[in-house]
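J.: One file is attached below, final.cif, containing mmCIF, C-alpha atoms and all ligand atoms.
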```
data_data
#
loop_
_atom_site.label_atom_id
_atom_site.label_comp_id
_atom_site.auth_asym_id
_atom_site.auth_seq_id
_atom_site.Cartn_x
_atom_site.Cartn_y
_atom_site.Cartn_z
CA MET A 1 -27.35 -128.93 62.33
CA THR A 2 -24.36 -131.14 62.97
CA GLY A 3 -21.56 -131.57 60.50
CA THR A 4 -22.86 -134.91 59.25
CA VAL A 5 -26.24 -133.61 58.17
CA ALA A 6 -26.56 -133.32 54.42
CA GLY A 7 -26.63 -129.65 53.62
CA PRO A 8 -29.67 -127.98 52.12
CA THR A 9 -29.88 -128.53 48.41
CA ALA A 10 -31.61 -125.31 47.49
CA GLY A 11 -30.86 -124.60 43.87
CA GLY A 12 -33.26 -126.92 42.13
CA ILE A 13 -32.89 -130.16 40.20
CA ARG A 14 -31.31 -130.68 36.81
CA PHE A 15 -31.57 -133.80 34.65
CA ASP A 16 -28.76 -133.57 32.17
CA GLY A 17 -29.46 -136.20 29.50
CA VAL A 18 -30.37 -138.87 32.05
CA SER A 19 -31.02 -142.38 30.68
CA VAL A 20 -31.97 -145.42 32.71
CA ALA A 21 -32.19 -148.99 31.42
CA TYR A 22 -33.27 -152.27 32.96
CA ASP A 23 -31.84 -155.39 31.35
CA GLY A 24 -30.97 -153.40 28.26
CA ASN A 25 -34.46 -151.86 28.02
CA THR A 26 -34.35 -148.07 28.07
CA VAL A 27 -37.12 -146.87 30.38
CA LEU A 28 -35.89 -143.29 30.62
CA ASP A 29 -34.44 -141.87 27.44
CA ARG A 30 -32.09 -138.88 27.63
CA LEU A 31 -34.14 -136.72 29.95
CA HIS A 32 -33.20 -133.04 29.95
CA LEU A 33 -35.25 -131.12 32.47
CA THR A 34 -34.64 -128.38 35.02
CA VAL A 35 -36.72 -127.80 38.12
CA GLU A 36 -36.01 -124.27 39.30
CA PRO A 37 -35.40 -123.49 42.97
CA GLY A 38 -38.75 -123.35 44.74
CA GLU A 39 -40.63 -124.65 41.71
CA VAL A 40 -43.24 -127.41 41.74
CA MET A 41 -42.72 -129.60 38.68
CA ALA A 42 -45.21 -132.37 37.97
CA LEU A 43 -44.09 -135.38 35.99
CA LEU A 44 -47.31 -136.39 34.29
CA GLY A 45 -47.86 -139.39 32.07
CA PRO A 46 -49.49 -142.79 31.78
CA SER A 47 -48.39 -145.79 33.77
CA GLY A 48 -45.02 -147.12 32.68
CA SER A 49 -43.87 -143.91 30.99
CA GLY A 50 -40.78 -143.57 33.21
CA LYS A 51 -41.93 -141.00 35.78
CA THR A 52 -41.01 -142.96 38.90
CA THR A 53 -37.73 -143.96 37.34
CA ALA A 54 -36.87 -140.29 36.82
CA LEU A 55 -37.72 -139.53 40.44
CA ARG A 56 -35.71 -142.49 41.71
CA ALA A 57 -32.74 -141.27 39.71
CA VAL A 58 -32.91 -138.01 41.67
CA ALA A 59 -33.29 -139.88 44.96
CA GLY A 60 -30.33 -142.10 44.12
CA PHE A 61 -32.19 -145.41 44.05
CA VAL A 62 -31.40 -146.06 40.40
CA ARG A 63 -28.13 -145.35 38.67
CA PRO A 64 -28.39 -143.77 35.22
CA VAL A 65 -26.57 -145.52 32.38
CA SER A 66 -25.69 -142.07 31.09
CA GLY A 67 -26.25 -138.43 31.94
CA ARG A 68 -26.00 -136.53 35.20
CA VAL A 69 -28.31 -135.48 38.00
CA LEU A 70 -27.51 -132.14 39.62
CA LEU A 71 -28.96 -130.63 42.78
CA GLY A 72 -28.11 -126.97 42.63
CA ASP A 73 -24.64 -127.07 41.15
CA ARG A 74 -23.69 -130.34 42.88
CA ASP A 75 -23.39 -133.36 40.62
CA VAL A 76 -25.01 -136.06 42.77
CA THR A 77 -25.08 -138.83 40.16
CA ALA A 78 -22.64 -141.00 42.09
CA LEU A 79 -23.81 -140.10 45.62
CA PRO A 80 -25.79 -142.57 47.75
CA PRO A 81 -29.37 -141.52 48.61
CA HIS A 82 -28.69 -140.44 52.21
CA ARG A 83 -25.98 -138.00 51.08
CA ARG A 84 -28.27 -136.11 48.71
CA GLY A 85 -30.26 -134.10 51.26
CA ILE A 86 -33.67 -134.81 49.79
CA GLY A 87 -37.02 -135.79 51.25
CA MET A 88 -39.18 -138.39 49.56
CA VAL A 89 -42.77 -139.52 49.99
CA VAL A 90 -44.15 -142.54 48.19
CA GLN A 91 -47.65 -143.77 47.51
CA GLN A 92 -47.98 -146.28 50.35
CA TYR A 93 -46.84 -144.04 53.25
CA ALA A 94 -44.16 -146.62 54.19
CA LEU A 95 -44.20 -145.71 57.87
CA PHE A 96 -42.52 -148.07 60.33
CA PRO A 97 -45.47 -149.82 61.98
CA HIS A 98 -43.70 -150.53 65.29
CA MET A 99 -42.65 -146.90 65.79
CA ARG A 100 -44.72 -144.08 67.16
CA VAL A 101 -45.38 -141.09 64.93
CA ARG A 102 -42.65 -139.01 66.57
CA ASP A 103 -40.06 -141.76 66.08
CA ASN A 104 -41.07 -142.22 62.46
CA VAL A 105 -40.54 -138.51 61.89
CA ALA A 106 -37.24 -138.59 63.81
CA PHE A 107 -35.93 -141.53 61.80
CA GLY A 108 -34.03 -139.64 59.13
CA LEU A 109 -32.58 -137.26 61.70
CA LYS A 110 -31.30 -140.09 63.91
CA ALA A 111 -29.77 -141.76 60.87
CA ARG A 112 -27.98 -138.48 60.19
CA LYS A 113 -26.85 -138.33 63.84
CA VAL A 114 -28.51 -135.01 64.58
CA ASP A 115 -28.30 -133.95 68.29
CA LYS A 116 -31.21 -135.02 70.47
CA PRO A 117 -32.54 -131.56 71.37
CA GLU A 118 -32.38 -130.59 67.71
CA ILE A 119 -34.31 -133.74 66.79
CA THR A 120 -37.04 -132.87 69.30
CA THR A 121 -37.34 -129.36 67.86
CA ARG A 122 -37.43 -130.51 64.26
CA VAL A 123 -39.92 -133.32 64.87
CA ALA A 124 -42.26 -130.85 66.59
CA GLU A 125 -41.80 -128.37 63.76
CA ALA A 126 -42.47 -130.96 61.03
CA LEU A 127 -45.55 -132.38 62.75
CA ASP A 128 -46.84 -128.87 63.24
CA LEU A 129 -46.39 -128.13 59.54
CA VAL A 130 -48.71 -131.00 58.61
CA GLY A 131 -51.13 -130.44 61.48
CA MET A 132 -50.28 -133.70 63.26
CA SER A 133 -48.77 -132.47 66.55
CA ALA A 134 -51.56 -134.03 68.58
CA TYR A 135 -50.77 -137.49 67.20
CA ALA A 136 -47.06 -137.72 68.08
CA ALA A 137 -47.49 -140.64 70.47
CA ARG A 138 -49.72 -142.75 68.22
CA TYR A 139 -48.75 -145.75 66.13
CA PRO A 140 -49.40 -145.72 62.37
CA ARG A 141 -52.20 -148.30 62.72
CA GLU A 142 -54.07 -145.81 64.92
CA LEU A 143 -54.18 -143.27 62.08
CA SER A 144 -56.31 -142.90 58.95
CA GLY A 145 -54.71 -143.14 55.52
CA GLY A 146 -54.68 -139.36 55.14
CA GLN A 147 -53.08 -138.92 58.56
CA GLN A 148 -50.43 -141.52 57.77
CA GLN A 149 -49.58 -139.69 54.60
CA ARG A 150 -49.22 -136.44 56.57
CA VAL A 151 -46.78 -138.18 58.88
CA ALA A 152 -44.85 -139.46 55.87
CA ILE A 153 -44.66 -135.89 54.60
CA ALA A 154 -43.53 -134.66 58.03
CA ARG A 155 -40.82 -137.33 58.03
CA ALA A 156 -39.60 -136.15 54.64
CA LEU A 157 -39.63 -132.50 55.74
CA ALA A 158 -37.87 -133.10 59.08
CA VAL A 159 -34.50 -133.36 57.32
CA ARG A 160 -35.16 -129.87 55.91
CA PRO A 161 -34.60 -130.94 52.36
CA GLY A 162 -34.03 -128.49 49.55
CA VAL A 163 -35.76 -130.97 47.29
CA LEU A 164 -38.94 -132.88 48.01
CA LEU A 165 -39.82 -135.87 45.85
CA LEU A 166 -43.44 -136.98 45.86
CA ASP A 167 -44.36 -140.20 44.09
CA GLU A 168 -48.12 -140.44 43.57
CA PRO A 169 -48.56 -139.32 47.19
CA LEU A 170 -52.35 -139.14 46.99
CA SER A 171 -53.21 -142.19 44.95
CA ALA A 172 -53.93 -144.44 47.94
CA LEU A 173 -56.47 -141.97 49.32
CA ASP A 174 -60.14 -141.76 48.43
CA ALA A 175 -61.39 -138.91 46.25
CA GLN A 176 -62.52 -136.61 49.06
CA LEU A 177 -59.32 -137.01 51.07
CA ARG A 178 -57.34 -136.47 47.91
CA SER A 179 -58.78 -133.08 47.27
CA GLY A 180 -58.18 -132.07 50.91
CA MET A 181 -54.57 -133.24 50.74
CA LEU A 182 -54.10 -131.42 47.45
CA ALA A 183 -55.00 -128.17 49.20
CA GLU A 184 -52.67 -129.15 52.08
CA LEU A 185 -49.77 -129.69 49.72
CA ALA A 186 -50.40 -126.32 48.09
CA ARG A 187 -50.38 -124.70 51.54
CA LEU A 188 -47.18 -126.53 52.52
CA HIS A 189 -45.50 -125.24 49.42
CA ARG A 190 -46.53 -121.70 50.27
CA GLU A 191 -44.97 -122.17 53.71
CA LEU A 192 -41.77 -123.66 52.27
CA PRO A 193 -41.31 -121.54 49.15
CA GLU A 194 -37.62 -122.38 48.77
CA VAL A 195 -38.15 -126.15 48.47
CA SER A 196 -38.18 -127.56 44.92
CA ILE A 197 -40.81 -130.23 44.48
CA LEU A 198 -40.84 -132.98 41.87
CA TYR A 199 -44.27 -134.54 41.87
CA VAL A 200 -45.01 -137.77 40.00
CA THR A 201 -48.61 -138.34 39.02
CA HIS A 202 -50.79 -139.82 36.31
CA ASP A 203 -53.64 -137.56 37.40
CA GLN A 204 -53.95 -134.40 35.37
CA VAL A 205 -56.09 -132.66 38.00
CA GLU A 206 -53.27 -132.99 40.55
CA ALA A 207 -50.76 -131.74 38.03
CA LEU A 208 -52.92 -128.82 36.86
CA THR A 209 -53.74 -127.83 40.44
CA LEU A 210 -50.34 -128.01 42.07
CA ALA A 211 -47.65 -127.59 39.48
CA ASP A 212 -45.91 -124.43 38.33
CA ARG A 213 -44.89 -126.45 35.29
CA ILE A 214 -45.78 -129.89 34.00
CA ALA A 215 -43.37 -132.25 32.24
CA VAL A 216 -45.40 -134.65 30.11
CA MET A 217 -43.87 -138.12 29.76
CA ASP A 218 -44.74 -140.91 27.37
CA ARG A 219 -42.82 -144.06 26.52
CA ALA A 220 -39.62 -143.13 28.34
CA ARG A 221 -39.43 -139.68 26.78
CA LEU A 222 -40.23 -136.14 27.76
CA GLN A 223 -42.93 -135.07 25.29
CA ASP A 224 -43.66 -131.55 26.36
CA CYS A 225 -43.01 -129.16 29.23
CA GLY A 226 -44.72 -125.93 30.15
CA THR A 227 -47.05 -124.19 32.54
CA PRO A 228 -50.46 -125.83 32.95
CA GLN A 229 -51.99 -122.97 30.96
CA GLU A 230 -49.51 -123.31 28.11
CA LEU A 231 -49.99 -127.06 27.82
CA TYR A 232 -53.73 -126.71 27.95
CA ARG A 233 -54.10 -123.78 25.57
CA THR A 234 -51.27 -124.46 23.17
CA PRO A 235 -50.18 -128.11 23.38
CA ARG A 236 -47.39 -128.95 20.99
CA THR A 237 -48.20 -132.59 20.40
CA ARG A 238 -51.25 -134.78 19.97
CA PHE A 239 -50.23 -136.67 23.08
CA THR A 240 -50.15 -133.58 25.30
CA ALA A 241 -53.44 -132.36 23.88
CA SER A 242 -55.15 -135.63 24.75
CA PHE A 243 -53.45 -136.18 28.12
CA VAL A 244 -53.74 -132.66 29.54
CA GLY A 245 -57.44 -131.94 29.34
CA ASN A 246 -59.81 -133.31 26.77
CA ALA A 247 -59.46 -132.65 23.07
CA ASN A 248 -61.01 -133.05 19.65
CA LEU A 249 -58.15 -134.10 17.38
CA LEU A 250 -59.28 -133.76 13.79
CA PRO A 251 -57.30 -134.50 10.62
CA VAL A 252 -57.05 -131.42 8.40
CA THR A 253 -55.36 -130.51 5.14
CA ALA A 254 -53.84 -127.08 4.63
CA GLY A 255 -54.79 -125.01 1.60
CA SER A 256 -53.51 -121.52 0.89
CA GLY A 257 -54.68 -119.40 3.82
CA SER A 258 -57.19 -121.93 5.15
CA VAL A 259 -57.49 -125.56 6.14
CA SER A 260 -60.14 -128.08 5.28
CA PHE A 261 -61.71 -130.73 7.44
CA ALA A 262 -64.19 -133.29 6.11
CA GLY A 263 -65.25 -131.02 3.27
CA HIS A 264 -65.54 -127.92 5.45
CA GLU A 265 -63.29 -124.92 4.79
CA LEU A 266 -62.06 -123.59 8.11
CA GLU A 267 -60.56 -120.26 9.02
CA LEU A 268 -57.67 -120.69 11.37
CA PRO A 269 -54.38 -119.02 12.20
CA ILE A 270 -52.42 -121.65 10.29
CA GLY A 271 -48.93 -120.31 10.92
CA GLU A 272 -46.26 -122.24 9.12
CA VAL A 273 -48.25 -125.17 7.76
CA ALA A 274 -47.32 -125.60 4.09
CA ALA A 275 -50.12 -125.82 1.54
CA GLY A 276 -51.10 -129.43 0.94
CA ALA A 277 -49.68 -130.59 4.27
CA THR A 278 -51.77 -132.61 6.67
CA ALA A 279 -52.07 -131.59 10.30
CA THR A 280 -54.16 -132.26 13.38
CA LEU A 281 -56.63 -129.66 14.52
CA CYS A 282 -57.06 -129.52 18.30
CA VAL A 283 -60.09 -127.84 19.80
CA ARG A 284 -61.33 -128.34 23.37
CA PRO A 285 -64.90 -129.71 23.66
CA HIS A 286 -66.03 -126.87 25.96
CA LEU A 287 -64.99 -124.37 23.27
CA VAL A 288 -67.23 -125.98 20.66
CA GLY A 289 -70.64 -124.30 20.46
CA LEU A 290 -74.00 -125.47 19.16
CA GLY A 291 -75.57 -123.72 16.16
CA ASP A 292 -74.18 -121.58 13.40
CA GLY A 293 -71.02 -119.51 13.85
CA PRO A 294 -67.43 -119.31 12.69
CA ASN A 295 -65.99 -122.61 11.45
CA ALA A 296 -69.42 -124.23 11.27
CA LEU A 297 -69.44 -128.03 10.95
CA THR A 298 -72.59 -129.83 9.98
CA GLY A 299 -73.37 -133.45 10.74
CA THR A 300 -75.71 -135.61 12.77
CA VAL A 301 -76.07 -136.26 16.49
CA ALA A 302 -74.46 -139.59 17.36
CA GLU A 303 -74.75 -139.53 21.14
CA VAL A 304 -75.74 -137.22 23.97
CA GLN A 305 -74.60 -137.75 27.56
CA TRP A 306 -75.91 -135.74 30.46
CA ARG A 307 -73.07 -134.97 32.86
CA GLY A 308 -74.74 -132.85 35.48
CA SER A 309 -73.42 -129.39 34.70
CA THR A 310 -73.00 -130.07 30.96
CA HIS A 311 -74.26 -132.18 28.10
CA ARG A 312 -71.56 -133.97 26.13
CA LEU A 313 -72.72 -134.13 22.54
CA TYR A 314 -70.99 -136.34 20.00
CA ALA A 315 -71.64 -135.38 16.41
CA ASP A 316 -70.78 -137.43 13.37
CA ILE A 317 -69.22 -135.03 10.87
CA ASP A 318 -68.69 -136.99 7.68
CA GLY A 319 -67.40 -140.04 9.54
CA HIS A 320 -65.45 -138.10 12.21
CA ARG A 321 -66.58 -137.80 15.82
CA VAL A 322 -66.59 -134.25 17.18
CA LYS A 323 -67.45 -133.74 20.83
CA ALA A 324 -68.90 -130.63 22.40
CA ASP A 325 -69.48 -129.93 26.10
CA LEU A 326 -72.54 -127.72 26.21
CA ARG A 327 -73.83 -125.77 29.16
CA GLU A 328 -77.39 -124.67 29.70
CA LEU A 329 -78.80 -126.89 27.02
CA ARG A 330 -82.48 -127.12 27.92
CA GLU A 331 -83.57 -129.47 25.19
CA PRO A 332 -80.77 -131.66 23.86
CA PRO A 333 -81.10 -132.60 20.19
CA ALA A 334 -82.32 -136.09 19.38
CA LEU A 335 -80.07 -138.84 18.08
CA GLY A 336 -79.74 -138.74 14.32
CA GLU A 337 -80.91 -135.13 14.16
CA LYS A 338 -79.00 -132.76 11.91
CA VAL A 339 -76.70 -130.53 13.95
CA THR A 340 -74.31 -127.63 13.42
CA LEU A 341 -71.31 -127.04 15.66
CA HIS A 342 -68.82 -124.19 15.53
CA PHE A 343 -65.69 -122.86 17.20
CA ALA A 344 -63.74 -119.60 17.18
CA PRO A 345 -60.51 -119.56 15.13
CA GLU A 346 -58.50 -118.47 18.17
CA ASP A 347 -59.66 -121.52 20.13
CA ALA A 348 -58.06 -123.97 17.71
CA VAL A 349 -54.44 -125.15 17.61
CA LEU A 350 -52.78 -126.93 14.70
CA LEU A 351 -50.51 -129.82 15.69
CA PRO A 352 -48.28 -132.17 13.75
CA ALA A 353 -50.39 -134.84 12.05
CA VAL A 354 -48.26 -137.69 13.31
CA GLY A 355 -47.58 -138.91 16.82
CA PRO A 356 -49.80 -140.84 19.14
CA ALA A 357 -52.79 -139.51 20.95
CA LEU A 358 -53.83 -141.14 24.14
CA GLN A 359 -56.07 -144.12 23.51
CA PRO A 360 -59.13 -144.48 25.77
CA ALA A 361 -57.80 -147.78 27.16
CA GLY A 362 -54.73 -145.94 28.43
CA GLY A 363 -56.76 -143.92 30.90
CA SER A 364 -58.30 -141.26 28.70
CA HIS A 365 -59.75 -138.13 30.22
CA ASP A 366 -62.93 -138.33 28.29
P1 LIG B 401 -44.24 -144.79 35.72
O1 LIG B 401 -43.76 -144.22 37.02
O2 LIG B 401 -44.40 -143.76 34.65
O3 LIG B 401 -45.47 -145.63 35.87
P2 LIG B 401 -41.84 -146.40 35.86
O4 LIG B 401 -40.74 -145.40 35.87
O5 LIG B 401 -42.22 -147.00 37.18
O6 LIG B 401 -43.11 -145.77 35.15
O7 LIG B 401 -41.48 -147.59 34.90
C1 LIG B 401 -41.02 -147.39 33.59
C2 LIG B 401 -40.74 -148.75 32.97
O8 LIG B 401 -39.65 -149.36 33.64
C3 LIG B 401 -41.89 -149.71 33.07
O9 LIG B 401 -41.99 -150.42 31.86
C4 LIG B 401 -41.50 -150.62 34.21
O10 LIG B 401 -42.05 -151.90 34.03
C5 LIG B 401 -39.99 -150.65 34.09
N1 LIG B 401 -39.33 -150.85 35.39
C6 LIG B 401 -39.45 -150.05 36.49
N2 LIG B 401 -38.69 -150.51 37.50
C7 LIG B 401 -38.09 -151.64 37.07
C8 LIG B 401 -37.18 -152.59 37.66
N3 LIG B 401 -36.74 -152.43 38.91
N4 LIG B 401 -36.77 -153.62 36.88
C9 LIG B 401 -37.19 -153.75 35.61
N5 LIG B 401 -38.05 -152.90 35.00
C10 LIG B 401 -38.50 -151.86 35.71
#
```
Using structure tokens, write down the structure from this file.

T.:
Amino acid sequence: MTGTVAGPTAGGIRFDGVSVAYDGNTVLDRLHLTVEPGEVMALLGPSGSGKTTALRAVAGFVRPVSGRVLLGDRDVTALPPHRRGIGMVVQQYALFPHMRVRDNVAFGLKARKVDKPEITTRVAEALDLVGMSAYAARYPRELSGGQQQRVAIARALAVRPGVLLLDEPLSALDAQLRSGMLAELARLHRELPEVSILYVTHDQVEALTLADRIAVMDRARLQDCGTPQELYRTPRTRFTASFVGNANLLPVTAGSGSVSFAGHELELPIGEVAAGATATLCVRPHLVGLGDGPNALTGTVAEVQWRGSTHRLYADIDGHRVKADLRELREPPALGEKVTLHFAPEDAVLLPAVGPALQPAGGSHD
């Protein structure tokens, strides 16, 4: 490395109360979040929730109105992008069409005035990392979408960043390529375990697959943050429950030692819910069983959908829809038939009654 190369930024990323506003509109509201060194953090949320803005604040493309961005213990809030020592990959590859692959990958190194022999070594290394060495002399138009995205990743890695920012890197690819690239990214991370990755996506599968932790965003705010397992098993808000995985969200009222839902007394670990309080019961559809059992709910069959490996059954329980994903159901019940569903107490979580859940129009994961 020459003296002008931005140093490695190992040490993670810290958002310290970062707010961003456009024309007086707050689109990122006091974000506090730490990405540990070597951690993959997904920023997950619907379109317009502020994910890209948060990422661009780390890259240096937007200036926060308040708060600080730290890389390791360096406050980079006032630094221009090229002084931050980060790599970034965006959705549309953004390769230079008139440059060969090797020159695209060398671009950031030339801009940083790295010595020529060092550039040659690093370009070869980066292309090797993404399996694109054989394509060094090609132009972007001679590559598939997936290959172009690999080159974009190689270009970001060539500067040996301590922080890699990925903004919906797979969304321009078709489903099959996406799953291949997802595995590639997981492999890359294993090969570069010291690099912190901030990964913006609206796709929960990408977040659940890749991330060590997921930060859930909605309407400019961080709603929840935890490991994929934590968010899935014990979401803290209605929004997280409906955005990470699929959920039944049922209105319940607490009694003393039990809760009631639509005239059914349920046995649940109710924790600190005060008697008489209303809450939301969250239970995952695949944890709802057919037939009698604990927490039995009786109603009628409103809809049955065959989904290949499961049947999705919607039951009408006293005016509330409850969905169950049932495996190995030979003979699905008929519409209008009386039906009993049940779930184990330990599979239910009580959430605050208020707060939005994701509406189907917003890209539900039904
Ligand atoms: P996400 O990545 O979650 O889809 P963004 O961070 O891109 O969301 O955008 C958050 C909000 O900020 C949106 O309402 C968007 O319209 C607005 N926004 C983003 N960039 C600009 C900009 N350059 N000027 C004005 N508004 C913007």

J.: In Å, how far is it from atom CA of Arg190 of chain A to atom CA of Pro46 of chain A?

T.: 28.2 Å

J.: Enumerate residues in contact with ligand LIG 401 (chain B): an atom-to-atom distance of at most 9 Å, counting only C-alpha atoms and all ligand atoms. Format the result as a PyMOL selection string.

T.: chain A and resi 20-23+25-28+43-56+62+167-168+200-202+217-220

J.: Using all atoms listed in the file, pick whichever of A:Ala296, A:Val123, A:Ala324, A:Leu188 has the shortest atom-to-atom distance to Ala158 of chain A.

T.: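 Of the candidates, the smallest distance to Ala158 of chain A is held by A:Val123.
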
J.: When you count only C-alpha atoms, which of these residues is closest to Val151 of chain A: A:Ala137, A:Ile197, A:Leu33, A:Val205?

T.: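 Using only C-alpha atoms, Val151 of chain A sits closest to A:Ala137.
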
J.: Return the single residue from A:Phe61, A:Tyr139, A:Tyr232, A:Phe243 that is closest to Pro97 of chain A, with distances computed using all atoms listed in the file.

T.: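 Nearest to Pro97 of chain A: A:Tyr139.
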
J.: Rounded to one decimal in Å, what is the spacing between atom CA of Lys113 of chain A and atom CA of Ser196 of chain A?

T.: 24.5 Å

J.: Between A:Thr227, A:His320, A:Asn246, A:His342, single out the one closest to Gly289 of chain A, counting only C-alpha atoms.

T.: A:His342

J.: Hey, what's within 8 Å of segment 101-112 of chain A if we count all atoms listed in the file and toss same-chain stuff fewer than 4 positions away? As a compact mmCIF listing (two decimals) with C-alpha atoms, keeping the file's coordinate frame, please?

T.:
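What ended up in selection-v2.txt:
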```txt
# COMPACT_ATOMS: atom_id res chain seq x y z
CA THR A 4 -22.86 -134.91 59.25
CA VAL A 5 -26.24 -133.61 58.17
CA ALA A 6 -26.56 -133.32 54.42
CA LEU A 95 -44.20 -145.71 57.87
CA PHE A 96 -42.52 -148.07 60.33
CA ILE A 119 -34.31 -133.74 66.79
CA THR A 120 -37.04 -132.87 69.30
CA VAL A 123 -39.92 -133.32 64.87
CA ALA A 126 -42.47 -130.96 61.03
CA LEU A 127 -45.55 -132.38 62.75
CA TYR A 135 -50.77 -137.49 67.20
CA ALA A 136 -47.06 -137.72 68.08
CA ALA A 137 -47.49 -140.64 70.47
CA ARG A 138 -49.72 -142.75 68.22
CA TYR A 139 -48.75 -145.75 66.13
CA PRO A 140 -49.40 -145.72 62.37
CA VAL A 151 -46.78 -138.18 58.88
CA ALA A 152 -44.85 -139.46 55.87
CA ALA A 154 -43.53 -134.66 58.03
CA ARG A 155 -40.82 -137.33 58.03
CA ALA A 156 -39.60 -136.15 54.64
CA ALA A 158 -37.87 -133.10 59.08
CA VAL A 159 -34.50 -133.36 57.32
```

J.: Do a neighbour search on Arg178 of chain A at 12 Å with all atoms listed in the file, toss out local chain neighbours closer than 6 positions, and write the hits as a VMD selection string.

T.: chain A and resid 145 to 147 149 to 150 168 to 172 184 to 185 203 205 to 206 209

J.: Hey, which of A:Ile13, A:Val354, A:Val130, A:Val163 ends up closest to Gly87 of chain A? Count all atoms listed in the file.

T.: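 Distance minimum relative to Gly87 of chain A lands on A:Val163.
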
J.: Report, in Å to a single decimal, how far apart atom CA of Asp316 of chain A and atom CA of Ala275 of chain A are.

T.: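 For atom CA of Ala275 of chain A relative to atom CA of Asp316 of chain A, the distance reads 26.5 Å.
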
J.: Neighbouring residues of Pro332 of chain A were defined as those with any atom within 9 Å, considering all atoms listed in the file; residues of the same chain fewer than 6 positions away were excluded. Please report them as a list in words.

T.: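 The residues that qualify are Val304, His311 and Leu313 of chain A.
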
J.: Which is closest to Gly226 of chain A among A:Ser133, A:Thr34, A:Ser19, A:Thr298, if we use all atoms listed in the file?

T.: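 That would be A:Thr34, the residue with the smallest distance to Gly226 of chain A.
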
J.: Output segment 35-46 of chain A with N, CA, C and O atoms present, as a short mmCIF file (atom, residue, chain, number, x, y, z; two decimals), keeping the file's coordinate frame.

T.:
```
data_model
loop_
_atom_site.label_atom_id
_atom_site.label_comp_id
_atom_site.auth_asym_id
_atom_site.auth_seq_id
_atom_site.Cartn_x
_atom_site.Cartn_y
_atom_site.Cartn_z
N VAL A 35 -35.73 -128.28 37.16
CA VAL A 35 -36.72 -127.80 38.12
C VAL A 35 -36.06 -126.64 38.85
O VAL A 35 -35.03 -126.81 39.50
N GLU A 36 -36.63 -125.46 38.71
CA GLU A 36 -36.01 -124.27 39.30
C GLU A 36 -36.13 -124.30 40.82
O GLU A 36 -37.03 -124.95 41.36
N PRO A 37 -35.27 -123.57 41.52
CA PRO A 37 -35.40 -123.49 42.97
C PRO A 37 -36.80 -123.02 43.36
O PRO A 37 -37.30 -122.04 42.81
N GLY A 38 -37.42 -123.74 44.26
CA GLY A 38 -38.75 -123.35 44.74
C GLY A 38 -39.89 -123.68 43.79
O GLY A 38 -41.04 -123.35 44.07
N GLU A 39 -39.59 -124.34 42.69
CA GLU A 39 -40.63 -124.65 41.71
C GLU A 39 -41.29 -126.01 42.02
O GLU A 39 -40.64 -126.92 42.51
N VAL A 40 -42.58 -126.11 41.70
CA VAL A 40 -43.24 -127.41 41.74
C VAL A 40 -43.34 -127.91 40.30
O VAL A 40 -44.01 -127.29 39.47
N MET A 41 -42.66 -129.00 40.02
CA MET A 41 -42.72 -129.60 38.68
C MET A 41 -43.47 -130.92 38.79
O MET A 41 -43.10 -131.79 39.58
N ALA A 42 -44.52 -131.07 38.01
CA ALA A 42 -45.21 -132.37 37.97
C ALA A 42 -44.66 -133.18 36.82
O ALA A 42 -44.46 -132.65 35.73
N LEU A 43 -44.40 -134.45 37.08
CA LEU A 43 -44.09 -135.38 35.99
C LEU A 43 -45.39 -136.13 35.74
O LEU A 43 -45.84 -136.90 36.58
N LEU A 44 -45.99 -135.84 34.58
CA LEU A 44 -47.31 -136.39 34.29
C LEU A 44 -47.23 -137.32 33.10
O LEU A 44 -46.59 -137.00 32.09
N GLY A 45 -47.85 -138.48 33.21
CA GLY A 45 -47.86 -139.39 32.07
C GLY A 45 -48.53 -140.68 32.46
O GLY A 45 -48.78 -140.93 33.64
N PRO A 46 -48.83 -141.53 31.47
CA PRO A 46 -49.49 -142.79 31.78
C PRO A 46 -48.56 -143.74 32.53
O PRO A 46 -47.34 -143.50 32.61
#
```
